[in-house]
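Colleague: Pasting coords_35.txt below, which is compact mmCIF, C-alpha atoms.
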```txt
# COMPACT_ATOMS: atom_id res chain seq x y z
CA MET A 26 160.67 112.45 149.28
CA LYS A 27 160.92 113.23 145.57
CA ILE A 28 158.44 113.70 142.74
CA THR A 29 158.84 110.85 140.27
CA LYS A 30 156.04 111.35 137.78
CA VAL A 31 153.37 113.85 136.68
CA ASN A 32 150.33 112.39 134.88
CA THR A 33 147.53 114.26 133.12
CA TYR A 34 144.05 113.02 132.25
CA PHE A 35 141.02 114.22 130.30
CA VAL A 36 137.76 113.38 132.05
CA ARG A 37 134.20 114.15 131.05
CA PRO A 38 132.28 116.31 130.95
CA ARG A 39 134.96 119.01 130.43
CA TRP A 40 137.67 118.62 133.07
CA GLY A 41 141.35 117.82 133.36
CA PHE A 42 143.02 116.00 136.28
CA VAL A 43 146.66 115.97 137.35
CA GLU A 44 148.25 113.15 139.34
CA ILE A 45 151.66 113.63 140.96
CA GLU A 46 153.50 110.48 142.08
CA THR A 47 156.35 110.30 144.60
CA ASP A 48 159.05 107.80 145.51
CA ALA A 49 157.32 107.33 148.88
CA GLY A 50 154.23 105.88 147.20
CA ILE A 51 152.10 108.92 148.12
CA THR A 52 150.11 110.38 145.26
CA GLY A 53 148.44 113.78 144.99
CA TRP A 54 145.56 114.86 142.76
CA GLY A 55 144.72 118.25 141.28
CA GLU A 56 142.25 119.65 138.79
CA ALA A 57 143.94 121.63 136.02
CA VAL A 58 141.52 122.91 133.42
CA LEU A 59 140.26 126.03 131.74
CA GLU A 60 136.82 125.16 130.42
CA GLY A 61 137.00 124.78 126.65
CA HIS A 62 140.83 124.72 126.73
CA ALA A 63 141.55 121.48 128.58
CA ALA A 64 144.08 120.31 125.98
CA ALA A 65 146.05 123.55 126.21
CA VAL A 66 146.17 123.43 130.02
CA LEU A 67 147.17 119.76 130.25
CA SER A 68 149.86 120.35 127.61
CA CYS A 69 151.11 123.22 129.76
CA VAL A 70 151.25 120.90 132.78
CA ASN A 71 153.36 118.50 130.72
CA GLU A 72 155.69 121.37 129.80
CA MET A 73 156.15 122.12 133.50
CA LYS A 74 157.23 118.56 134.41
CA ASP A 75 160.90 119.47 134.10
CA TYR A 76 160.52 121.88 137.02
CA LEU A 77 158.89 119.18 139.17
CA VAL A 78 160.38 115.71 138.67
CA GLY A 79 163.13 115.05 141.18
CA LYS A 80 162.03 117.88 143.47
CA ASP A 81 160.69 117.66 147.02
CA PRO A 82 156.87 118.04 146.86
CA ALA A 83 156.88 119.59 150.33
CA ASP A 84 158.41 122.81 148.98
CA ILE A 85 155.10 124.10 147.69
CA GLU A 86 155.86 127.83 147.86
CA GLY A 87 159.21 127.39 146.15
CA LEU A 88 157.79 125.19 143.42
CA TRP A 89 154.90 127.61 142.88
CA GLU A 90 157.28 130.55 142.48
CA THR A 91 159.45 128.54 140.09
CA LEU A 92 156.49 127.59 137.93
CA TYR A 93 155.22 131.18 137.92
CA ARG A 94 158.47 133.11 137.47
CA ALA A 95 161.02 130.83 135.80
CA GLY A 96 159.26 130.66 132.45
CA PHE A 97 159.57 134.47 131.92
CA TYR A 98 156.04 134.81 130.49
CA ARG A 99 153.46 134.56 133.20
CA GLY A 100 149.80 134.93 134.09
CA GLY A 101 146.71 134.28 132.01
CA GLY A 102 144.21 131.46 131.97
CA VAL A 103 146.30 128.59 130.57
CA LEU A 104 149.52 129.07 132.54
CA MET A 105 147.72 129.78 135.82
CA SER A 106 145.29 126.88 135.42
CA ALA A 107 148.23 124.52 134.92
CA ILE A 108 149.90 125.85 138.06
CA SER A 109 146.58 125.56 139.91
CA GLY A 110 146.20 121.84 139.28
CA ILE A 111 149.82 121.15 140.19
CA ASP A 112 149.48 123.21 143.37
CA GLN A 113 146.36 121.30 144.46
CA ALA A 114 148.16 118.00 143.94
CA LEU A 115 151.17 119.16 146.00
CA TRP A 116 148.90 120.17 148.88
CA ASP A 117 147.11 116.82 148.58
CA ILE A 118 150.46 115.06 149.03
CA LYS A 119 151.44 117.21 152.00
CA GLY A 120 148.16 116.59 153.80
CA LYS A 121 148.51 112.86 153.24
CA VAL A 122 152.08 112.90 154.57
CA PHE A 123 150.92 114.49 157.84
CA GLY A 124 147.62 112.58 157.93
CA VAL A 125 145.40 115.68 158.12
CA PRO A 126 143.13 117.73 155.86
CA VAL A 127 144.96 120.56 154.14
CA PHE A 128 143.14 123.24 156.14
CA GLU A 129 144.87 121.96 159.28
CA LEU A 130 148.21 122.87 157.67
CA LEU A 131 146.93 126.33 156.76
CA GLY A 132 146.16 127.36 160.34
CA GLY A 133 143.07 125.30 161.11
CA LYS A 134 139.41 125.90 160.46
CA CYS A 135 137.34 128.91 161.45
CA ARG A 136 134.01 127.18 160.69
CA GLU A 137 132.52 123.70 160.95
CA LYS A 138 130.67 123.58 157.63
CA MET A 139 130.23 125.61 154.47
CA LYS A 140 127.07 127.02 152.91
CA VAL A 141 126.59 125.98 149.27
CA TYR A 142 124.29 126.97 146.43
CA SER A 143 122.98 125.08 143.44
CA TRP A 144 122.58 126.05 139.78
CA ILE A 145 119.23 126.21 137.98
CA GLY A 146 117.98 127.22 134.57
CA GLY A 147 120.72 126.32 132.12
CA ASP A 148 122.35 128.58 129.56
CA ARG A 149 119.00 129.89 128.38
CA PRO A 150 117.10 130.07 131.65
CA SER A 151 113.54 128.77 131.77
CA ASP A 152 111.16 127.26 134.34
CA VAL A 153 113.33 128.76 137.06
CA GLY A 154 110.51 129.20 139.56
CA LYS A 155 109.80 125.48 139.60
CA ALA A 156 113.49 124.57 139.58
CA ALA A 157 114.27 126.90 142.49
CA LYS A 158 111.43 125.44 144.55
CA GLU A 159 112.80 121.94 143.92
CA LYS A 160 116.20 123.05 145.23
CA MET A 161 114.61 124.68 148.26
CA ASP A 162 112.66 121.50 148.98
CA ALA A 163 115.96 119.59 148.76
CA GLY A 164 117.37 121.76 151.55
CA PHE A 165 119.23 124.47 149.67
CA THR A 166 118.80 128.04 150.87
CA ALA A 167 120.22 129.68 147.73
CA ILE A 168 120.52 129.16 143.97
CA LYS A 169 122.29 130.81 141.06
CA MET A 170 120.93 131.32 137.57
CA ASN A 171 122.01 132.95 134.33
CA ALA A 172 120.20 136.24 133.94
CA THR A 173 119.86 136.68 130.21
CA GLU A 174 120.22 135.08 126.83
CA GLU A 175 122.08 137.11 124.19
CA LEU A 176 122.11 140.82 124.94
CA GLN A 177 123.67 143.39 122.63
CA ILE A 178 125.55 146.41 123.97
CA VAL A 179 122.27 148.34 123.74
CA ASP A 180 119.22 146.13 123.46
CA THR A 181 115.45 146.13 123.87
CA TYR A 182 113.46 146.27 127.09
CA ASP A 183 111.53 143.09 126.35
CA LYS A 184 114.72 141.19 127.22
CA ILE A 185 115.00 143.11 130.47
CA ASP A 186 111.37 142.33 131.28
CA ALA A 187 111.98 138.62 130.61
CA VAL A 188 114.77 138.60 133.23
CA LEU A 189 112.54 140.34 135.76
CA GLU A 190 109.71 137.86 135.14
CA ARG A 191 112.03 134.91 135.79
CA VAL A 192 113.38 136.34 139.03
CA ALA A 193 109.86 137.26 140.12
CA ALA A 194 108.83 133.63 139.58
CA ILE A 195 111.55 132.49 142.00
CA ARG A 196 110.49 135.02 144.62
CA GLU A 197 106.88 133.88 144.27
CA SER A 198 107.72 130.19 144.58
CA CYS A 199 110.43 130.40 147.26
CA GLY A 200 109.55 133.44 149.35
CA LYS A 201 111.26 136.68 150.31
CA TYR A 202 114.32 135.28 152.07
CA PHE A 203 115.52 132.59 149.67
CA GLY A 204 118.93 133.48 148.22
CA ILE A 205 118.99 134.35 144.51
CA ALA A 206 122.30 134.93 142.77
CA ILE A 207 121.95 136.29 139.24
CA ASP A 208 124.85 135.71 136.86
CA PHE A 209 125.13 138.25 134.03
CA HIS A 210 127.86 135.91 132.70
CA GLY A 211 129.64 138.71 130.88
CA ARG A 212 126.73 138.78 128.41
CA VAL A 213 125.72 142.29 129.46
CA HIS A 214 127.57 145.51 128.62
CA LYS A 215 127.62 148.69 130.69
CA PRO A 216 124.65 150.51 129.10
CA MET A 217 122.26 147.63 129.79
CA ALA A 218 123.98 146.44 132.97
CA LYS A 219 123.09 149.63 134.83
CA ILE A 220 119.45 149.31 133.79
CA LEU A 221 119.18 145.63 134.66
CA ALA A 222 120.96 145.96 138.00
CA LYS A 223 118.68 148.81 139.06
CA LYS A 224 115.49 146.99 138.07
CA LEU A 225 116.56 143.80 139.90
CA GLU A 226 116.77 145.69 143.21
CA GLU A 227 113.12 145.04 144.02
CA PHE A 228 113.78 141.29 144.28
CA ASP A 229 116.60 141.62 146.87
CA PRO A 230 119.14 139.39 145.10
CA MET A 231 121.93 137.80 147.12
CA PHE A 232 124.27 139.22 144.48
CA ILE A 233 124.62 139.96 140.79
CA GLU A 234 127.63 138.38 139.11
CA GLU A 235 129.86 139.76 136.35
CA PRO A 236 127.57 142.68 135.45
CA VAL A 237 130.40 143.60 133.09
CA LEU A 238 133.59 141.72 132.28
CA CYS A 239 136.68 142.40 134.36
CA GLU A 240 138.45 144.02 131.41
CA ASN A 241 135.97 146.81 132.15
CA MET A 242 136.48 146.67 135.92
CA GLU A 243 136.73 150.46 136.15
CA TYR A 244 132.95 150.53 135.63
CA PHE A 245 132.01 148.35 138.60
CA GLY A 246 131.84 151.47 140.76
CA GLU A 247 129.48 153.12 138.29
CA ILE A 248 127.18 150.08 138.29
CA ALA A 249 127.34 149.85 142.09
CA ALA A 250 126.25 153.48 142.30
CA ALA A 251 123.24 152.66 140.12
CA CYS A 252 121.82 149.97 142.42
CA ASN A 253 121.76 148.60 145.96
CA VAL A 254 122.73 145.02 145.12
CA PRO A 255 126.05 143.35 146.04
CA ILE A 256 128.30 142.85 143.01
CA ALA A 257 130.37 139.67 142.57
CA THR A 258 133.11 138.92 140.08
CA GLY A 259 136.53 137.36 139.65
CA GLU A 260 136.25 133.98 137.92
CA ARG A 261 138.22 135.37 134.95
CA LEU A 262 141.03 136.80 137.06
CA PHE A 263 144.10 134.67 137.56
CA SER A 264 146.44 136.10 140.20
CA LYS A 265 146.77 138.33 143.25
CA TRP A 266 147.98 141.06 140.89
CA ASP A 267 144.75 140.85 138.88
CA PHE A 268 142.75 141.11 142.09
CA LYS A 269 144.88 144.03 143.28
CA ARG A 270 143.64 146.03 140.31
CA LEU A 271 140.07 144.95 141.04
CA PHE A 272 140.24 146.08 144.67
CA LYS A 273 141.73 149.43 143.63
CA ALA A 274 138.96 149.93 141.06
CA GLY A 275 136.31 149.45 143.77
CA GLY A 276 132.60 148.71 143.52
CA VAL A 277 132.86 144.94 144.12
CA ASP A 278 131.48 143.29 147.26
CA ILE A 279 132.22 139.60 146.59
CA ILE A 280 135.17 137.98 144.83
CA GLN A 281 134.98 134.62 143.08
CA PRO A 282 138.49 133.33 142.37
CA ASP A 283 138.58 129.85 140.87
CA LEU A 284 140.90 127.38 142.62
CA SER A 285 141.61 125.74 139.24
CA HIS A 286 142.36 129.01 137.43
CA ALA A 287 143.84 131.44 139.94
CA GLY A 288 146.94 129.62 141.15
CA GLY A 289 145.43 126.94 143.35
CA ILE A 290 145.35 126.92 147.13
CA THR A 291 148.65 128.75 147.49
CA GLU A 292 147.51 131.81 145.54
CA VAL A 293 143.82 131.92 146.43
CA LYS A 294 144.45 131.87 150.18
CA LYS A 295 146.47 135.07 149.63
CA ILE A 296 143.75 136.59 147.45
CA ALA A 297 141.18 135.76 150.15
CA ALA A 298 143.30 137.54 152.77
CA MET A 299 143.61 140.58 150.51
CA ALA A 300 139.84 140.64 150.11
CA GLU A 301 139.31 140.49 153.87
CA ALA A 302 141.46 143.60 154.25
CA PHE A 303 139.10 145.39 151.83
CA ASP A 304 136.00 144.04 153.68
CA VAL A 305 135.12 142.03 150.57
CA ALA A 306 133.45 138.61 150.81
CA LEU A 307 134.75 135.37 149.28
CA ALA A 308 132.63 132.92 147.25
CA PRO A 309 134.97 130.72 145.19
CA HIS A 310 133.96 129.92 141.63
CA CYS A 311 133.60 126.16 141.03
CA PRO A 312 131.45 124.80 138.20
CA LEU A 313 134.02 121.98 138.03
CA GLY A 314 134.78 118.55 139.46
CA PRO A 315 135.35 117.02 142.88
CA ILE A 316 139.05 117.84 143.25
CA ALA A 317 138.44 121.54 142.55
CA LEU A 318 135.51 121.55 144.99
CA ALA A 319 137.59 119.93 147.72
CA ALA A 320 140.35 122.49 147.16
CA CYS A 321 137.78 125.29 147.47
CA LEU A 322 136.53 123.89 150.77
CA GLN A 323 140.07 123.87 152.17
CA VAL A 324 140.34 127.61 151.54
CA ASP A 325 136.77 128.23 152.72
CA ALA A 326 137.64 126.49 155.98
CA ILE A 327 140.38 128.99 156.85
CA SER A 328 138.90 132.19 155.36
CA TYR A 329 136.74 134.29 157.67
CA ASN A 330 135.20 136.17 154.73
CA ALA A 331 134.07 133.03 152.87
CA PHE A 332 130.27 132.95 152.94
CA ILE A 333 129.03 130.57 150.23
CA GLN A 334 130.48 127.96 147.87
CA GLU A 335 129.52 127.16 144.29
CA GLN A 336 129.31 123.47 143.35
CA SER A 337 128.37 121.73 140.13
CA ILE A 338 126.39 118.66 141.15
CA GLY A 339 123.41 118.73 138.78
CA ILE A 340 124.67 121.68 136.72
CA HIS A 341 123.62 121.76 133.06
CA TYR A 342 127.20 121.39 131.80
CA ASN A 343 127.61 117.93 133.31
CA VAL A 344 126.67 115.59 130.46
CA GLY A 345 127.95 112.02 130.49
CA LYS A 346 129.66 112.19 133.87
CA SER A 347 129.23 114.26 137.01
CA VAL A 348 131.12 115.22 140.15
CA LEU A 349 130.59 112.22 142.37
CA ASP A 350 131.25 109.70 139.60
CA TYR A 351 134.96 110.27 140.19
CA VAL A 352 134.78 110.04 143.98
CA LYS A 353 134.84 106.93 146.17
CA ASN A 354 133.97 108.87 149.33
CA GLY A 355 130.82 110.50 148.00
CA ASP A 356 129.16 110.64 151.42
CA ASP A 357 131.71 113.27 152.45
CA PHE A 358 130.14 115.60 149.87
CA ARG A 359 126.56 115.20 151.08
CA PHE A 360 124.61 118.46 151.39
CA THR A 361 122.45 118.94 154.48
CA ASP A 362 120.19 121.97 154.91
CA GLY A 363 122.22 123.86 152.33
CA PHE A 364 125.60 123.12 153.93
CA VAL A 365 128.45 120.70 153.31
CA ASP A 366 130.82 119.48 156.02
CA LEU A 367 134.49 120.30 155.71
CA PRO A 368 136.67 117.59 154.13
CA LYS A 369 137.55 114.75 156.48
CA LEU A 370 140.23 112.68 154.74
CA PRO A 371 143.91 113.63 154.75
CA GLY A 372 145.00 115.89 151.91
CA LEU A 373 142.31 117.52 149.82
CA GLY A 374 139.76 115.01 151.06
CA VAL A 375 138.98 113.25 147.78
CA GLU A 376 139.45 109.53 147.23
CA VAL A 377 139.66 109.57 143.43
CA ASN A 378 138.24 106.70 141.37
CA ARG A 379 141.46 106.24 139.42
CA GLU A 380 140.13 103.35 137.40
CA LEU A 381 137.36 105.52 135.97
CA VAL A 382 139.83 108.35 135.30
CA LEU A 383 142.05 106.01 133.29
CA GLU A 384 139.07 104.72 131.34
CA GLU A 385 137.82 108.23 130.56
CA ASN A 386 141.26 109.32 129.39
CA LYS A 387 141.20 106.68 126.65
CA HIS A 388 138.66 108.85 124.82
CA PRO A 389 139.65 112.48 125.54
CA HIS A 390 136.79 114.95 125.46
CA ASN A 391 136.95 118.11 123.38
CA TRP A 392 134.36 120.25 125.14
CA LYS A 393 133.78 123.73 123.76
CA ASN A 394 131.28 126.31 124.90
CA PRO A 395 128.46 127.28 122.53
CA VAL A 396 129.05 130.07 120.01
CA TRP A 397 126.07 132.41 119.94
CA HIS A 398 125.12 135.14 117.48
CA HIS A 399 122.87 138.17 117.65
CA ALA A 400 120.05 138.67 115.16
CA ASP A 401 122.35 140.79 113.00
CA GLY A 402 124.89 137.96 112.75
CA SER A 403 127.52 139.43 115.10
CA VAL A 404 129.06 137.16 117.71
CA ALA A 405 127.33 137.27 121.09
CA GLU A 406 128.97 136.82 124.49
CA TRP A 407 128.19 133.37 125.88
```
Produce structure tokens that represent the structure in this file.

Modeller:
Amino acid sequence: MKITKVNTYFVRPRWGFVEIETDAGITGWGEAVLEGHAAAVLSCVNEMKDYLVGKDPADIEGLWETLYRAGFYRGGGVLMSAISGIDQALWDIKGKVFGVPVFELLGGKCREKMKVYSWIGGDRPSDVGKAAKEKMDAGFTAIKMNATEELQIVDTYDKIDAVLERVAAIRESCGKYFGIAIDFHGRVHKPMAKILAKKLEEFDPMFIEEPVLCENMEYFGEIAAACNVPIATGERLFSKWDFKRLFKAGGVDIIQPDLSHAGGITEVKKIAAMAEAFDVALAPHCPLGPIALAACLQVDAISYNAFIQEQSIGIHYNVGKSVLDYVKNGDDFRFTDGFVDLPKLPGLGVEVNRELVLEENKHPHNWKNPVWHHADGSVAEW
């Protein structure tokens, strides 16, 4: 079998899909995107076609190493996101060839279903108590929310109090044992992160996410020492080498590699194994589309340390189109009591609505994240 064609597509709200065709008539799908940089990533995929066309799609490890090493410059969000989408599509082909879900080719499952959480609150969180109760009533046992709006490197305590009031509202509406994940979203710097993390202790969060950005990963240990709350991070890391530095720095309890940013299934399954050796949990990052979610579930299925999965159905970013719009087997992604079953179909487990993808690609999106400013006019972290 040989690869004959590599196609790229822009699809709303902010995603990019890759389709790899073969001379055997078997097609694989991947999700290659870095949010806000879809055009750069899909252009990178097109640059990589020369390494793929005419090659055997079964040689996933060899093709991955070629894409990573042969171009001399390596790593970073754009290059690794391009490799990620290609890798997902190659695994999709291989699973279809053998007629099994990808996890069967990775050693088989160690669980029957995967716990998921749902987003609430939007970029500027509000009415989170009511929103969390709605998710609980829908069967979810955990949610995630953004913690703050803009927060300068040293800021005022009224902003801290506003965060505490929102989290308190969730505890009041959903009870003591409902899971609350609080995403600092890189908006918080070390001086305020230590304060906020310590004050959030009383609400027993499931975890706090990105209390500082990973470029400051040496401070995770300092923040961990300031509070008794699990710390999660990793969505802005792109390889096993990035995660090696994170594990050596210490202080992190949960890693969140993104299957569309961190090298796809091939790389993230290795990152997950590294984390297990450090007794660190896995919760893959996935505010993306159905192909990325299916790829995450393949790795969740085989990873003992996977404990919860992000998913973007109903997330505030999804304007115009959402996850299941691109899926013909939507029932396979039904959530029951806060869990989703493992993928059933061969390959990644997604029957893509190709007709809709082609229609969407006629009018490519140009999604960009908001640009925020502090009161003094300086740029704020979004």

Colleague: What are the closest atom pairs, with distances in Å to one decimal, for each residue of stretch 217-336 of chain A lying within 9 Å of stretch 27-43 of chain A, using only C-alpha atoms, rows by chain and rising residue number, as CSV?

Modeller:
```
residue,atom,partner,partner_atom,distance
A:Leu313,CA,A:Trp40,CA,7.0
A:Gly314,CA,A:Trp40,CA,7.0
A:Ile316,CA,A:Phe42,CA,8.2
```

Colleague: Just want the 12 Å neighbourhood of A:Gly275, counted on all atoms listed in the file, with same-chain residues fewer than 4 positions away dropped. Output as a PDB file with C-alpha atoms, in the frame of the given file.

Modeller:
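File around_13.pdb, as written:
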```
ATOM      1  CA  CYS A 239     136.680 142.400 134.360  1.00  0.00           C
ATOM      2  CA  ASN A 241     135.970 146.810 132.150  1.00  0.00           C
ATOM      3  CA  MET A 242     136.480 146.670 135.920  1.00  0.00           C
ATOM      4  CA  GLU A 243     136.730 150.460 136.150  1.00  0.00           C
ATOM      5  CA  TYR A 244     132.950 150.530 135.630  1.00  0.00           C
ATOM      6  CA  PHE A 245     132.010 148.350 138.600  1.00  0.00           C
ATOM      7  CA  GLY A 246     131.840 151.470 140.760  1.00  0.00           C
ATOM      8  CA  GLU A 247     129.480 153.120 138.290  1.00  0.00           C
ATOM      9  CA  ILE A 248     127.180 150.080 138.290  1.00  0.00           C
ATOM     10  CA  ALA A 249     127.340 149.850 142.090  1.00  0.00           C
ATOM     11  CA  ALA A 250     126.250 153.480 142.300  1.00  0.00           C
ATOM     12  CA  ILE A 256     128.300 142.850 143.010  1.00  0.00           C
ATOM     13  CA  ALA A 257     130.370 139.670 142.570  1.00  0.00           C
ATOM     14  CA  THR A 258     133.110 138.920 140.080  1.00  0.00           C
ATOM     15  CA  PHE A 268     142.750 141.110 142.090  1.00  0.00           C
ATOM     16  CA  LYS A 269     144.880 144.030 143.280  1.00  0.00           C
ATOM     17  CA  ARG A 270     143.640 146.030 140.310  1.00  0.00           C
ATOM     18  CA  LEU A 271     140.070 144.950 141.040  1.00  0.00           C
ATOM     19  CA  ILE A 279     132.220 139.600 146.590  1.00  0.00           C
ATOM     20  CA  ILE A 280     135.170 137.980 144.830  1.00  0.00           C
ATOM     21  CA  ALA A 300     139.840 140.640 150.110  1.00  0.00           C
ATOM     22  CA  PHE A 303     139.100 145.390 151.830  1.00  0.00           C
ATOM     23  CA  ASP A 304     136.000 144.040 153.680  1.00  0.00           C
ATOM     24  CA  VAL A 305     135.120 142.030 150.570  1.00  0.00           C
TER      25      VAL A 305
END
```

Colleague: With only C-alpha atoms as the counted atoms, please give the residues lying no more than 10 Å from stretch 337-354 of chain A, apart from itself and same-chain residues fewer than 2 positions off, as an NGL selection string.

Modeller: :A and (36-39 or 142-148 or 311-318 or 335 or 356-359 or 369-370 or 374-382 or 385 or 392 or 394)

Colleague: Interatomic distance between atom CA of A:Leu176 and atom CA of A:Met231?

Modeller: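 Computed distance, atom CA of A:Leu176 to atom CA of A:Met231, equals 22.4 Å.
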
Colleague: Quote the spacing between atom CA of A:Val324 and atom CA of A:Ile168 in Å to one decimal place.

Modeller: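 Atom CA of A:Val324 sits 21.3 Å away from atom CA of A:Ile168.
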
Colleague: Nearest to A:Cys135: which of A:Trp397, A:Val365, A:Pro82, A:Asp325 is it, counting all atoms listed in the file?

Modeller: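 Answer, going by the shortest atom-to-atom distance: A:Asp325.
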
Colleague: With a distance cut-off of 6 Å and all atoms listed in the file, select the neighbouring residues of stretch 101-117 of chain A, excluding the residue or stretch itself and same-chain residues fewer than 6 positions from it, and output the selection as a list of chain:residue names.

Modeller: A:Gly53, A:Trp54, A:Gly55, A:Glu56, A:Ala57, A:Val58, A:Val66, A:Val70, A:Pro82, A:Ser285, A:His286, A:Ala287, A:Gly288, A:Gly289, A:Gly372, A:Leu373

Colleague: Name the residues within 7 Å of (123.2, 148.2, 127.9), counting only C-alpha atoms in the file's coordinates, and put them as an NGL selection string.

Modeller: :A and (178-180 or 213-218)

Colleague: Just how far from atom CA of A:Phe128 is atom CA of A:Ile85, in Å to one decimal?

Modeller: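 According to the coordinates, atom CA of A:Ile85 and atom CA of A:Phe128 are separated by 14.7 Å.
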
Colleague: I'd like the contact shell of A:Thr91 - 9 Å cut-off, all atoms listed in the file, skipping same-chain residues fewer than 5 positions apart - returned as a PyMOL selection string.

Modeller: chain A and resi 76+86+96

Colleague: Using only C-alpha atoms, which residue out of A:Ala167, A:His62, A:Glu72, A:Lys121 lies closest to A:Thr47?

Modeller: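 Distance minimum relative to A:Thr47 lands on A:Lys121.
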
Colleague: Do you have, as a tab-separated table, the list of residues of stretch 124-170 of chain A lying at most 10 Å from stretch 199-202 of chain A, each with its nearest atom pair and that distance in Å to one decimal, counting only C-alpha atoms and ordered by chain then number?

Modeller:
```
residue	atom	partner	partner_atom	distance
A:Gly154	CA	A:Cys199	CA	7.8
A:Lys155	CA	A:Cys199	CA	9.1
A:Ala157	CA	A:Cys199	CA	7.1
A:Lys158	CA	A:Cys199	CA	5.7
A:Glu159	CA	A:Cys199	CA	9.4
A:Lys160	CA	A:Cys199	CA	9.6
A:Met161	CA	A:Cys199	CA	7.2
A:Asp162	CA	A:Cys199	CA	9.3
A:Thr166	CA	A:Tyr202	CA	8.6
A:Ala167	CA	A:Tyr202	CA	9.2
```

Colleague: Taking all atoms listed in the file into account, which of A:Asp362, A:Glu260, A:Asp278, A:Glu46 comes nearest A:Ala331?

Modeller: A:Asp278

Colleague: With distances taken over all atoms listed in the file, which of A:Ile205, A:Leu221, A:Leu262, A:Ala63 is nearest to A:Val188?

Modeller: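 Ranking A:Ile205, A:Leu221, A:Leu262, A:Ala63 by distance to A:Val188, first place goes to A:Leu221.
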
Colleague: Considering all atoms listed in the file, state which residue in the set A:Ala83, A:Val141, A:Val153, A:Leu59 is at the smallest distance from A:Gln336.

Modeller: A:Val141

Colleague: Looking at A:Lys387, A:Lys223, A:His210, A:Lys119, which one is nearest to A:Thr52, with distances taken over only C-alpha atoms?

Modeller: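 Using only C-alpha atoms, A:Thr52 sits closest to A:Lys119.
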